[in-house]
Amino acid sequence: MKRSRLARGAVVVTVVTGLALAGCGGTDAPDGEQRADIKVLAMDAPQMKTLKKLTKEHFTAETGISVDYTLLPENEARDRMNSEFATQAGNYDVASVSAYEVPIYSDNGWLAPLDSYVRTDRHFHQDDVFPNLVASLTGDDGRLYAEPFYGEGSFLMYRKDLFRKGHLTMPAEPTWQQVADLAARADGIDGASGICLRGLPGWGQNLAPINTVVNTFGGTWYDMDWNARLTSPEFRKAVGFYVDLLRSHGQPGADRMGVMEILDSFVAGKCAMMYDATSLASSIEADGSSVKGKVGYVPAPHERTEQAGWLWTWAWGIQQASDKKDAAWKFISWASSKEYQEQVGRELGWTSAPAGNRKSLYSNPKYQQAAHAWYRQEYTAATGSADPRNPGVGPRPYTGISFLGIPEFAVLGTAVSQQIAAAIAGQQSVDTALDKSQDLAQAAAAKYRGE
């Protein structure tokens with residue numbers, strides 16, 4: 001969907017307003033950044049920590065370019081990045097942007113195009129990158145604005161040992177109702193919760209899995225005339241299902257737990273199932289994980305659609321205001337390369353390599369052997385997720401699976417996620433949460449209705 005001129009022009013106001021509502025932190029650069037040749041802002045994820053660990057020995061030693069990382073929790077990283085890019089402050093040269101930010105940022109001239117670098121860098125092997133990720137990181141002008149560090153779909157992970165103990169069988173392609181039935185039966189086996197799901201507010205936190213449930217249950221945020229549909233029977237059923245599942249058989253304190261928190265719980269053996277990103281499998285199967293070798297992987301649960309998983313990537317983009325773009329590209333061309341994947345594989349094990357972005361990784365026998373428990377499901381999820389242009393039942397005026405591809409969603413999604421988190425916490429009913437959210441969504445799309 002092409003964004004309107006009005007939407008593109010309003011994105012700065014949208015982003016800054018969202019930061020004010022979210023109570024974001026300041027944009028002052030961390031101490032010591034002046035000593036680095038390039039400055040990188042990213043989400044504090046295991047893959048990013050591995051990258052930081054290997055940078056000095058490999059990238060800096062090879063190029064002489066030092067890198068200063070700022071790694072923050074997802075919501076904080078988004079707030080910092082939005083403020084940084086909207087103002088073009090120049091405090092960071094590179095940031096981990098997603099398929100949501102790239103079209104918006106590129107429309108506003110906040111990202112530097114990468115096409116010329118890709119054409120002249122013979123060692124980068126752009127044709128090895130999954131085409132669907134390239135498409136998601138290409139602006140409306142047809143130019144490439146980011147390179148994927150890793151990509152992911154979503155799938156369901158389950159404890160095979162607990163299922164055996166409870167005489168439970170996981171279907172090859174489960175529906176959400178089957179998952180709910182299994183969660184009820186698995187709840188309490190060896191003290192584990194039936195399922196762990198994201199409940200923490202944030203459009204990239206609890207709304208990411210919730211939107212896949214909404215899509216497959218037949219819901220949509222808007223009809224083709226941009227009228228909000230959050231109180232439709234399908235939307236209410238989907239959100240009610242998710243909230244009830246968490247409240248009945250989910251982890252304690254779910255409204256305060258995002259992706260990293262539920263990962264920690266699953267790795268610690270506190271969950272019988274978890275529905276989340278395919279990129280988490282490497283942490284689940286890492287040395288030190290209490291569930292290593294005990295986990296099975298199946299596709300994202302569905303209901304009315306054949307596919308229900310999301311398509312996502314954390315990618316590297318260069319801020320247009322950076323005066324070190326060449327050095328920034330050298331960093332990106334290393335961090336997103338298959339050579340970097342091989343460095344990680346050799347030094348830390350192949351399951352630690354950032355996955356979901358390059359075809360070559362999945363044809364590598366060493367990765368296939370190391371990731372034998374999940375790599376086929378990971379590959380299928382990364383290349384065959386739901387269609388971002390048609391992820392659910394019936395037409396819709398926006399693109400996106402786990403998010404809406406409109407500038408207003410950063411603020412709207414966060415506000416709606418807070419209402420749903422309050423329902424998860426038992427502070428209000430799902431109906432009340434969606435009644436409030438309907439008003440927010442209707443107001444957010446007023447310009448698209450010509451009001």
# chains A, B, ... in the order shown; residues from 1 in each chain; ligands from 1
>>> select_by_dssp(residues="segment 272-390 of chain A", states="helix (DSSP H, G or I)", output="PyMOL selection string")
chain A and resi 278-284+325-335+338-348+350-352+359-362+365-370+375-383
>>> closest_atom_pairs(of="segment 290-347 of chain A", to="segment 180-201 of chain A", cutoff="12 Å", atoms="only C-alpha atoms", output="Markdown table")
| residue | atom | partner | partner_atom | distance |
| --- | --- | --- | --- | --- |
| A:Pro301 | CA | A:Ala180 | CA | 10.3 |
| A:His302 | CA | A:Ala180 | CA | 11.9 |
| A:Glu303 | CA | A:Ala180 | CA | 12.0 |
>>> closest_atom_pairs(of="segment 52-116 of chain A", to="segment 391-410 of chain A", cutoff="12 Å", atoms="only C-alpha atoms", output="tab-separated table")
residue	atom	partner	partner_atom	distance
A:Asn75	CA	A:Ala410	CA	10.8
A:Arg78	CA	A:Ala410	CA	9.5
A:Asp79	CA	A:Ala410	CA	9.9
A:Asn82	CA	A:Ala410	CA	9.7
A:Ser98	CA	A:Phe403	CA	11.0
A:Ala99	CA	A:Gly405	CA	8.8
A:Tyr100	CA	A:Gly405	CA	6.2
A:Glu101	CA	A:Pro407	CA	8.5
A:Val102	CA	A:Gly405	CA	10.1
A:Pro103	CA	A:Gly405	CA	8.3
A:Ile104	CA	A:Pro407	CA	6.4
A:Tyr105	CA	A:Pro407	CA	9.4
A:Ser106	CA	A:Pro407	CA	11.8
A:Asp107	CA	A:Pro407	CA	10.5
A:Asn108	CA	A:Pro407	CA	10.9
>>> residues_around(residues="Thr231 of chain A", least_positions_apart="6", cutoff="9 Å", atoms="only C-alpha atoms", output="list in words")
Asp431, Leu434, Asp435, Ser437 and Gln438 of chain A
>>> atom_distance(atom1="atom CA of Gly258 of chain A", atom2="atom CA of Ala423 of chain A")
15.6 Å
>>> closest_atom_pairs(of="segment 262-304 of chain A", to="segment 159-168 of chain A", cutoff="7 Å", atoms="only C-alpha atoms", output="Markdown table")
| residue | atom | partner | partner_atom | distance |
| --- | --- | --- | --- | --- |
| A:Ala272 | CA | A:Arg159 | CA | 5.3 |
| A:Met273 | CA | A:Arg159 | CA | 6.3 |
| A:Lys294 | CA | A:Lys160 | CA | 5.6 |
| A:Val295 | CA | A:Arg159 | CA | 4.7 |
| A:Gly296 | CA | A:Lys160 | CA | 5.9 |
>>> write_last_selection(atoms="C-alpha atoms", output="PDB file, in the first residue's frame")
ATOM      1  CA  ALA A 272       5.487 -26.411  28.259  1.00  0.00           C
ATOM      2  CA  MET A 273       5.029 -24.399  25.043  1.00  0.00           C
ATOM      3  CA  LYS A 294      14.095 -31.469  24.606  1.00  0.00           C
ATOM      4  CA  VAL A 295      12.155 -29.140  22.294  1.00  0.00           C
ATOM      5  CA  GLY A 296      10.019 -29.810  19.245  1.00  0.00           C
TER       6      GLY A 296
END
>>> select_by_dssp(residues="segment 24-195 of chain A", states="strand (DSSP E or B)", output="PyMOL selection string")
chain A and resi 38-43+67-72+94-98+111+129+138+144+147-152+154-159+175+193
>>> closest_residue(among="A:Gln319, A:Thr432, A:Thr278, A:Thr55", to="Arg376 of chain A", atoms="only C-alpha atoms")
A:Thr278
>>> residues_around(residues="segment 368-372 of chain A", least_positions_apart="4", cutoff="8 Å", atoms="only C-alpha atoms", output="count of residues only")
8
